file start.cif (mmCIF, N, CA and C atoms)
data_run
loop_
_atom_site.label_atom_id
_atom_site.label_comp_id
_atom_site.auth_asym_id
_atom_site.auth_seq_id
_atom_site.Cartn_x
_atom_site.Cartn_y
_atom_site.Cartn_z
N MET L 494 33.67 -40.16 80.31
CA MET L 494 34.31 -39.96 79.08
C MET L 494 35.38 -38.92 79.19
N ALA L 495 36.30 -39.28 78.45
CA ALA L 495 37.45 -38.39 78.51
C ALA L 495 37.30 -37.32 77.46
N SER L 496 37.70 -36.13 77.79
CA SER L 496 37.61 -35.04 76.82
C SER L 496 38.69 -35.20 75.78
N LYS L 497 38.35 -34.87 74.65
CA LYS L 497 39.25 -35.03 73.55
C LYS L 497 40.21 -33.86 73.54
N ILE L 498 41.42 -34.16 73.36
CA ILE L 498 42.44 -33.12 73.35
C ILE L 498 42.65 -32.75 71.88
N PRO L 499 42.57 -31.47 71.59
CA PRO L 499 42.76 -31.09 70.19
C PRO L 499 44.17 -31.36 69.73
N ASN L 500 44.26 -31.83 68.50
CA ASN L 500 45.55 -32.11 67.90
C ASN L 500 46.05 -30.82 67.27
N PRO L 501 47.16 -30.30 67.66
CA PRO L 501 47.66 -29.05 67.11
C PRO L 501 48.09 -29.20 65.66
N LEU L 502 48.37 -30.38 65.20
CA LEU L 502 48.78 -30.58 63.82
C LEU L 502 47.59 -30.74 62.88
N ALA L 503 46.40 -30.94 63.40
CA ALA L 503 45.21 -31.16 62.57
C ALA L 503 44.83 -29.88 61.82
N ALA L 504 44.94 -28.72 62.44
CA ALA L 504 44.58 -27.46 61.79
C ALA L 504 45.43 -27.22 60.57
N PRO L 505 46.75 -27.39 60.65
CA PRO L 505 47.54 -27.18 59.45
C PRO L 505 47.20 -28.20 58.36
N ALA L 506 46.83 -29.39 58.72
CA ALA L 506 46.48 -30.40 57.71
C ALA L 506 45.22 -29.98 56.98
N GLU L 507 44.25 -29.45 57.70
CA GLU L 507 43.02 -28.96 57.07
C GLU L 507 43.32 -27.76 56.19
N LEU L 508 44.22 -26.91 56.65
CA LEU L 508 44.61 -25.74 55.88
C LEU L 508 45.30 -26.15 54.58
N VAL L 509 46.17 -27.14 54.67
CA VAL L 509 46.86 -27.64 53.47
C VAL L 509 45.84 -28.23 52.51
N SER L 510 44.87 -28.95 53.02
CA SER L 510 43.83 -29.55 52.18
C SER L 510 43.01 -28.45 51.47
N ALA L 511 42.69 -27.39 52.19
CA ALA L 511 41.93 -26.28 51.61
C ALA L 511 42.76 -25.52 50.59
N LEU L 512 44.06 -25.38 50.86
CA LEU L 512 44.95 -24.65 49.94
C LEU L 512 45.07 -25.35 48.59
N ARG L 513 44.80 -26.63 48.53
CA ARG L 513 44.85 -27.34 47.26
C ARG L 513 43.78 -26.83 46.28
N TYR L 514 42.71 -26.27 46.80
CA TYR L 514 41.63 -25.76 45.94
C TYR L 514 41.90 -24.35 45.43
N LEU L 515 42.89 -23.67 45.98
CA LEU L 515 43.17 -22.28 45.57
C LEU L 515 43.45 -22.13 44.07
N PRO L 516 44.22 -22.97 43.40
CA PRO L 516 44.43 -22.79 41.95
C PRO L 516 43.11 -22.88 41.16
N GLN L 517 42.26 -23.81 41.53
CA GLN L 517 40.97 -23.94 40.83
C GLN L 517 40.10 -22.70 41.09
N ILE L 518 40.10 -22.20 42.34
CA ILE L 518 39.34 -20.98 42.68
C ILE L 518 39.89 -19.80 41.89
N ALA L 519 41.21 -19.69 41.78
CA ALA L 519 41.82 -18.58 41.02
C ALA L 519 41.44 -18.68 39.54
N GLU L 520 41.47 -19.90 38.98
CA GLU L 520 41.10 -20.08 37.57
C GLU L 520 39.63 -19.71 37.34
N ASN L 521 38.76 -20.14 38.23
CA ASN L 521 37.33 -19.81 38.10
C ASN L 521 37.11 -18.30 38.26
N THR L 522 37.85 -17.67 39.16
CA THR L 522 37.72 -16.22 39.35
C THR L 522 38.17 -15.48 38.11
N ALA L 523 39.26 -15.94 37.49
CA ALA L 523 39.74 -15.31 36.26
C ALA L 523 38.70 -15.47 35.14
N SER L 524 38.10 -16.64 35.07
CA SER L 524 37.06 -16.88 34.06
C SER L 524 35.87 -15.94 34.29
N MET L 525 35.47 -15.76 35.54
CA MET L 525 34.37 -14.84 35.86
C MET L 525 34.73 -13.41 35.48
N ALA L 526 35.99 -13.03 35.70
CA ALA L 526 36.42 -11.67 35.35
C ALA L 526 36.33 -11.47 33.84
N ARG L 527 36.78 -12.49 33.06
CA ARG L 527 36.69 -12.38 31.59
C ARG L 527 35.22 -12.27 31.17
N ASP L 528 34.37 -13.10 31.73
CA ASP L 528 32.95 -13.08 31.38
C ASP L 528 32.30 -11.75 31.76
N THR L 529 32.72 -11.19 32.90
CA THR L 529 32.17 -9.91 33.33
C THR L 529 32.57 -8.79 32.37
N ARG L 530 33.84 -8.83 31.89
CA ARG L 530 34.27 -7.83 30.91
C ARG L 530 33.50 -8.00 29.61
N ALA L 531 33.20 -9.23 29.22
CA ALA L 531 32.45 -9.49 27.99
C ALA L 531 31.02 -8.96 28.11
N LEU L 532 30.50 -8.91 29.32
CA LEU L 532 29.13 -8.40 29.51
C LEU L 532 29.01 -6.95 29.06
N ALA L 533 30.02 -6.13 29.28
CA ALA L 533 29.98 -4.73 28.85
C ALA L 533 29.88 -4.65 27.32
N LYS L 534 30.68 -5.46 26.61
CA LYS L 534 30.61 -5.48 25.15
C LYS L 534 29.26 -6.01 24.69
N LEU L 535 28.78 -7.05 25.36
CA LEU L 535 27.48 -7.60 25.03
C LEU L 535 26.38 -6.56 25.21
N GLU L 536 26.48 -5.76 26.28
CA GLU L 536 25.50 -4.70 26.52
C GLU L 536 25.52 -3.68 25.38
N ARG L 537 26.74 -3.29 24.92
CA ARG L 537 26.83 -2.34 23.80
C ARG L 537 26.23 -2.94 22.53
N ASP L 538 26.55 -4.23 22.29
CA ASP L 538 26.02 -4.90 21.11
C ASP L 538 24.49 -4.98 21.16
N MET L 539 23.95 -5.27 22.32
CA MET L 539 22.50 -5.35 22.47
C MET L 539 21.84 -3.98 22.26
N ALA L 540 22.51 -2.92 22.71
CA ALA L 540 21.99 -1.57 22.48
C ALA L 540 21.96 -1.28 20.99
N GLU L 541 22.99 -1.71 20.26
CA GLU L 541 23.03 -1.51 18.81
C GLU L 541 21.92 -2.31 18.12
N VAL L 542 21.72 -3.53 18.58
CA VAL L 542 20.63 -4.35 18.02
C VAL L 542 19.29 -3.67 18.27
N ALA L 543 19.09 -3.15 19.47
CA ALA L 543 17.84 -2.46 19.78
C ALA L 543 17.65 -1.24 18.90
N ARG L 544 18.75 -0.50 18.67
CA ARG L 544 18.66 0.69 17.81
C ARG L 544 18.27 0.30 16.39
N ARG L 545 18.87 -0.76 15.90
CA ARG L 545 18.57 -1.20 14.54
C ARG L 545 17.17 -1.81 14.44
N MET L 546 16.64 -2.32 15.50
CA MET L 546 15.32 -2.92 15.49
C MET L 546 14.21 -1.88 15.44
N GLU L 547 14.53 -0.62 15.70
CA GLU L 547 13.52 0.43 15.61
C GLU L 547 12.92 0.48 14.21
N GLY L 548 13.75 0.29 13.19
CA GLY L 548 13.26 0.25 11.81
C GLY L 548 12.32 -0.91 11.58
N VAL L 549 12.59 -2.03 12.23
CA VAL L 549 11.72 -3.20 12.09
C VAL L 549 10.36 -2.91 12.70
N THR L 550 10.35 -2.17 13.79
CA THR L 550 9.07 -1.80 14.42
C THR L 550 8.24 -0.97 13.46
N THR L 551 8.89 0.01 12.83
CA THR L 551 8.18 0.84 11.85
C THR L 551 7.68 -0.02 10.69
N MET L 552 8.54 -0.92 10.23
CA MET L 552 8.16 -1.81 9.13
C MET L 552 7.00 -2.70 9.56
N ASN L 553 7.02 -3.15 10.79
CA ASN L 553 5.94 -3.99 11.30
C ASN L 553 4.62 -3.22 11.30
N GLU L 554 4.66 -1.96 11.69
CA GLU L 554 3.45 -1.13 11.68
C GLU L 554 2.94 -0.96 10.25
N ARG L 555 3.86 -0.74 9.32
CA ARG L 555 3.45 -0.59 7.91
C ARG L 555 2.84 -1.89 7.39
N MET L 556 3.44 -3.00 7.74
CA MET L 556 2.91 -4.29 7.30
C MET L 556 1.52 -4.53 7.88
N ALA L 557 1.31 -4.13 9.12
CA ALA L 557 -0.02 -4.28 9.73
C ALA L 557 -1.03 -3.42 9.00
N ASN L 558 -0.62 -2.22 8.59
CA ASN L 558 -1.51 -1.33 7.82
C ASN L 558 -1.85 -1.96 6.47
N ILE L 559 -0.86 -2.52 5.81
CA ILE L 559 -1.10 -3.18 4.52
C ILE L 559 -2.03 -4.38 4.71
N GLU L 560 -1.79 -5.13 5.76
CA GLU L 560 -2.63 -6.29 6.05
C GLU L 560 -4.08 -5.86 6.28
N ALA L 561 -4.26 -4.74 6.96
CA ALA L 561 -5.61 -4.26 7.25
C ALA L 561 -6.33 -3.83 5.97
N THR L 562 -5.58 -3.33 4.98
CA THR L 562 -6.21 -2.85 3.74
C THR L 562 -6.34 -3.95 2.68
N MET L 563 -5.80 -5.12 2.93
CA MET L 563 -5.83 -6.18 1.93
C MET L 563 -7.24 -6.54 1.46
N PRO L 564 -8.24 -6.68 2.33
CA PRO L 564 -9.57 -7.02 1.82
C PRO L 564 -10.09 -5.99 0.81
N VAL L 565 -9.84 -4.73 1.08
CA VAL L 565 -10.28 -3.67 0.16
C VAL L 565 -9.51 -3.79 -1.14
N LEU L 566 -8.20 -4.03 -1.05
CA LEU L 566 -7.39 -4.16 -2.26
C LEU L 566 -7.82 -5.35 -3.10
N VAL L 567 -8.21 -6.43 -2.46
CA VAL L 567 -8.68 -7.60 -3.20
C VAL L 567 -9.96 -7.25 -3.96
N ASP L 568 -10.88 -6.53 -3.30
CA ASP L 568 -12.11 -6.10 -3.97
C ASP L 568 -11.80 -5.19 -5.15
N VAL L 569 -10.89 -4.25 -4.95
CA VAL L 569 -10.51 -3.34 -6.05
C VAL L 569 -9.89 -4.13 -7.19
N GLN L 570 -9.07 -5.11 -6.86
CA GLN L 570 -8.43 -5.93 -7.89
C GLN L 570 -9.49 -6.67 -8.71
N LYS L 571 -10.51 -7.20 -8.05
CA LYS L 571 -11.60 -7.88 -8.76
C LYS L 571 -12.30 -6.91 -9.71
N ASP L 572 -12.57 -5.69 -9.21
CA ASP L 572 -13.23 -4.68 -10.05
C ASP L 572 -12.34 -4.28 -11.22
N LEU L 573 -11.06 -4.14 -10.98
CA LEU L 573 -10.13 -3.76 -12.05
C LEU L 573 -10.04 -4.84 -13.12
N ALA L 574 -10.23 -6.08 -12.75
CA ALA L 574 -10.19 -7.16 -13.72
C ALA L 574 -11.33 -7.04 -14.72
N MET L 575 -12.42 -6.40 -14.31
CA MET L 575 -13.58 -6.24 -15.18
C MET L 575 -13.48 -5.01 -16.09
N VAL L 576 -12.54 -4.11 -15.83
CA VAL L 576 -12.43 -2.86 -16.58
C VAL L 576 -12.23 -3.09 -18.08
N PRO L 577 -11.35 -3.97 -18.54
CA PRO L 577 -11.21 -4.15 -19.99
C PRO L 577 -12.50 -4.59 -20.67
N GLU L 578 -13.24 -5.48 -20.02
CA GLU L 578 -14.52 -5.92 -20.59
C GLU L 578 -15.51 -4.76 -20.67
N ILE L 579 -15.57 -3.95 -19.62
CA ILE L 579 -16.48 -2.80 -19.60
C ILE L 579 -16.09 -1.80 -20.69
N ILE L 580 -14.80 -1.56 -20.84
CA ILE L 580 -14.33 -0.61 -21.87
C ILE L 580 -14.68 -1.13 -23.26
N ALA L 581 -14.53 -2.45 -23.46
CA ALA L 581 -14.87 -3.03 -24.77
C ALA L 581 -16.36 -2.84 -25.06
N LYS L 582 -17.20 -3.06 -24.05
CA LYS L 582 -18.65 -2.85 -24.24
C LYS L 582 -18.95 -1.38 -24.53
N LEU L 583 -18.30 -0.49 -23.79
CA LEU L 583 -18.51 0.95 -24.02
C LEU L 583 -18.06 1.34 -25.42
N ASP L 584 -16.94 0.79 -25.86
CA ASP L 584 -16.43 1.10 -27.19
C ASP L 584 -17.44 0.68 -28.26
N ASP L 585 -18.04 -0.51 -28.10
CA ASP L 585 -19.06 -0.96 -29.04
C ASP L 585 -20.27 -0.04 -29.02
N ARG L 586 -20.69 0.33 -27.83
CA ARG L 586 -21.86 1.21 -27.71
C ARG L 586 -21.59 2.59 -28.28
N ILE L 587 -20.38 3.11 -28.08
CA ILE L 587 -20.03 4.42 -28.63
C ILE L 587 -20.01 4.35 -30.15
N ALA L 588 -19.52 3.26 -30.71
CA ALA L 588 -19.52 3.10 -32.17
C ALA L 588 -20.95 3.09 -32.70
N LYS L 589 -21.85 2.38 -32.00
CA LYS L 589 -23.26 2.35 -32.41
C LYS L 589 -23.88 3.75 -32.29
N LEU L 590 -23.53 4.46 -31.20
CA LEU L 590 -24.05 5.82 -31.04
C LEU L 590 -23.56 6.74 -32.15
N ALA L 591 -22.32 6.59 -32.58
CA ALA L 591 -21.78 7.42 -33.66
C ALA L 591 -22.57 7.19 -34.94
N ILE L 592 -22.88 5.93 -35.22
CA ILE L 592 -23.68 5.61 -36.42
C ILE L 592 -25.07 6.22 -36.30
N LEU L 593 -25.68 6.08 -35.12
CA LEU L 593 -27.02 6.64 -34.91
C LEU L 593 -27.01 8.16 -35.02
N LEU L 594 -25.95 8.80 -34.52
CA LEU L 594 -25.86 10.27 -34.64
C LEU L 594 -25.74 10.70 -36.10
N GLU L 595 -24.99 9.96 -36.89
CA GLU L 595 -24.90 10.29 -38.32
C GLU L 595 -26.25 10.14 -38.99
N GLU L 596 -26.97 9.06 -38.66
CA GLU L 596 -28.30 8.85 -39.22
C GLU L 596 -29.25 9.96 -38.78
N LEU L 597 -29.16 10.35 -37.49
CA LEU L 597 -30.01 11.42 -36.98
C LEU L 597 -29.70 12.74 -37.67
N SER L 598 -28.43 13.01 -37.89
CA SER L 598 -28.03 14.23 -38.57
C SER L 598 -28.58 14.26 -39.99
N ALA L 599 -28.49 13.13 -40.69
CA ALA L 599 -29.04 13.06 -42.06
C ALA L 599 -30.55 13.26 -42.04
N SER L 600 -31.23 12.68 -41.06
CA SER L 600 -32.69 12.84 -40.95
C SER L 600 -33.06 14.29 -40.67
N VAL L 601 -32.30 14.96 -39.78
CA VAL L 601 -32.58 16.36 -39.46
C VAL L 601 -32.37 17.23 -40.70
N GLU L 602 -31.30 16.95 -41.45
CA GLU L 602 -31.07 17.72 -42.69
C GLU L 602 -32.21 17.51 -43.68
N GLY L 603 -32.69 16.26 -43.78
CA GLY L 603 -33.81 15.98 -44.68
C GLY L 603 -35.07 16.70 -44.23
N LEU L 604 -35.32 16.70 -42.92
CA LEU L 604 -36.49 17.42 -42.40
C LEU L 604 -36.36 18.92 -42.67
N GLN L 605 -35.15 19.44 -42.48
CA GLN L 605 -34.93 20.87 -42.71
C GLN L 605 -35.21 21.21 -44.17
N ARG L 606 -34.73 20.37 -45.06
CA ARG L 606 -34.97 20.63 -46.49
C ARG L 606 -36.45 20.56 -46.82
N SER L 607 -37.17 19.61 -46.20
CA SER L 607 -38.60 19.49 -46.51
C SER L 607 -39.43 20.57 -45.84
N ILE L 608 -38.99 21.12 -44.73
CA ILE L 608 -39.76 22.15 -44.02
C ILE L 608 -39.52 23.53 -44.63
N THR L 609 -38.36 23.77 -45.19
CA THR L 609 -38.04 25.09 -45.73
C THR L 609 -39.08 25.57 -46.75
N PRO L 610 -39.48 24.76 -47.69
CA PRO L 610 -40.51 25.26 -48.62
C PRO L 610 -41.83 25.57 -47.91
N LEU L 611 -42.15 24.77 -46.89
CA LEU L 611 -43.39 25.04 -46.14
C LEU L 611 -43.30 26.39 -45.44
N GLY L 612 -42.12 26.70 -44.92
CA GLY L 612 -41.93 27.99 -44.25
C GLY L 612 -42.09 29.15 -45.22
N ARG L 613 -41.57 28.98 -46.44
CA ARG L 613 -41.74 30.05 -47.45
C ARG L 613 -43.20 30.25 -47.80
N ILE L 614 -43.89 29.14 -47.93
CA ILE L 614 -45.32 29.24 -48.27
C ILE L 614 -46.07 29.90 -47.12
N ALA L 615 -45.76 29.53 -45.90
CA ALA L 615 -46.46 30.10 -44.74
C ALA L 615 -46.17 31.58 -44.64
N GLY L 616 -44.98 32.00 -45.04
CA GLY L 616 -44.63 33.42 -44.97
C GLY L 616 -45.39 34.24 -45.99
N ARG L 617 -45.90 33.64 -47.05
CA ARG L 617 -46.64 34.37 -48.09
C ARG L 617 -48.13 34.44 -47.78
N LEU L 618 -48.58 33.70 -46.82
CA LEU L 618 -50.00 33.72 -46.48
C LEU L 618 -50.36 35.04 -45.81
N PRO L 619 -51.64 35.48 -45.96
CA PRO L 619 -52.06 36.73 -45.33
C PRO L 619 -51.91 36.64 -43.80
N GLY L 620 -51.42 37.69 -43.17
CA GLY L 620 -51.26 37.77 -41.72
C GLY L 620 -49.95 37.17 -41.24
N ALA L 621 -49.09 36.75 -42.14
CA ALA L 621 -47.80 36.17 -41.74
C ALA L 621 -46.84 37.27 -41.34
N SER L 622 -45.99 36.97 -40.43
CA SER L 622 -45.00 37.94 -39.99
C SER L 622 -43.84 37.95 -40.97
N LYS L 623 -42.89 38.84 -40.71
CA LYS L 623 -41.71 38.90 -41.57
C LYS L 623 -41.00 37.56 -41.52
N PRO L 624 -40.34 37.22 -42.61
CA PRO L 624 -39.62 35.95 -42.60
C PRO L 624 -38.44 36.01 -41.62
N GLY L 625 -38.16 34.86 -41.00
CA GLY L 625 -37.04 34.78 -40.07
C GLY L 625 -35.72 34.80 -40.82
N LYS L 626 -34.67 35.01 -40.08
CA LYS L 626 -33.35 35.11 -40.66
C LYS L 626 -32.99 33.83 -41.41
N HIS L 627 -33.32 32.69 -40.83
CA HIS L 627 -32.98 31.41 -41.49
C HIS L 627 -33.76 31.24 -42.80
N GLU L 628 -34.98 31.83 -42.85
CA GLU L 628 -35.79 31.74 -44.08
C GLU L 628 -35.18 32.61 -45.17
N VAL L 629 -34.69 33.81 -44.80
CA VAL L 629 -34.07 34.71 -45.78
C VAL L 629 -32.80 34.07 -46.34
N GLU L 630 -32.00 33.43 -45.47
CA GLU L 630 -30.78 32.78 -45.91
C GLU L 630 -31.11 31.62 -46.83
N ALA L 631 -32.15 30.84 -46.49
CA ALA L 631 -32.55 29.71 -47.30
C ALA L 631 -33.03 30.17 -48.67
N ASP L 632 -33.78 31.31 -48.71
CA ASP L 632 -34.27 31.85 -49.98
C ASP L 632 -33.12 32.31 -50.86
N SER L 633 -32.11 32.90 -50.25
CA SER L 633 -30.99 33.42 -51.05
C SER L 633 -30.15 32.27 -51.62
N ARG L 634 -30.18 31.11 -51.00
CA ARG L 634 -29.42 29.95 -51.51
C ARG L 634 -30.13 29.29 -52.68
N THR L 635 -31.44 29.42 -52.76
CA THR L 635 -32.19 28.74 -53.82
C THR L 635 -32.36 29.57 -55.04
#
call {"tool": "encode", "arguments": {"input": "start.cif", "output": "structure tokens"}}
result
Amino acid sequence: MASKIPNPLAAPAELVSALRYLPQIAENTASMARDTRALAKLERDMAEVARRMEGVTTMNERMANIEATMPVLVDVQKDLAMVPEIIAKLDDRIAKLAILLEELSASVEGLQRSITPLGRIAGRLPGASKPGKHEVEADSRT
């Protein structure tokens, strides 16, 4: 076999073929440069987003706390719904107690009036002590 003799014109032909891709390579390189510059702005924007998200983290913690207390709040709400009914019952009972207290006061006054003469009589019996202050006041009124 005969050795192949290199063609001196083949190298420039390959070079010319490769040089045809240079405009596309330059355009792609320019596009990469623009994208790389945009990355710096994107990084600043992402830092700003992260800074603003700190408030969301705090809000998330607060929401978790509220969520944890919800069962207790629901129970309290159920109890609070019964408060008007309980107050109405208490109001009725207080009204009844007021009537009973008036009746008791009238009964005590009646007892006092009926006992006063007995106290005067007991004070006149032999061996009785001096009349009490309330007996002297009662005597002076009659």
call {"tool": "atom_distance", "arguments": {"input": "start.cif", "atom1": "atom CA of L:Leu611", "atom2": "atom N of L:Leu597"}}
result
22.2 Å
call {"tool": "atom_distance", "arguments": {"input": "start.cif", "atom1": "atom CA of L:Arg545", "atom2": "atom CA of L:Asp528"}}
result
25.1 Å
call {"tool": "atom_distance", "arguments": {"input": "start.cif", "atom1": "atom C of L:Ile498", "atom2": "atom N of L:Arg513"}}
result
24.2 Å
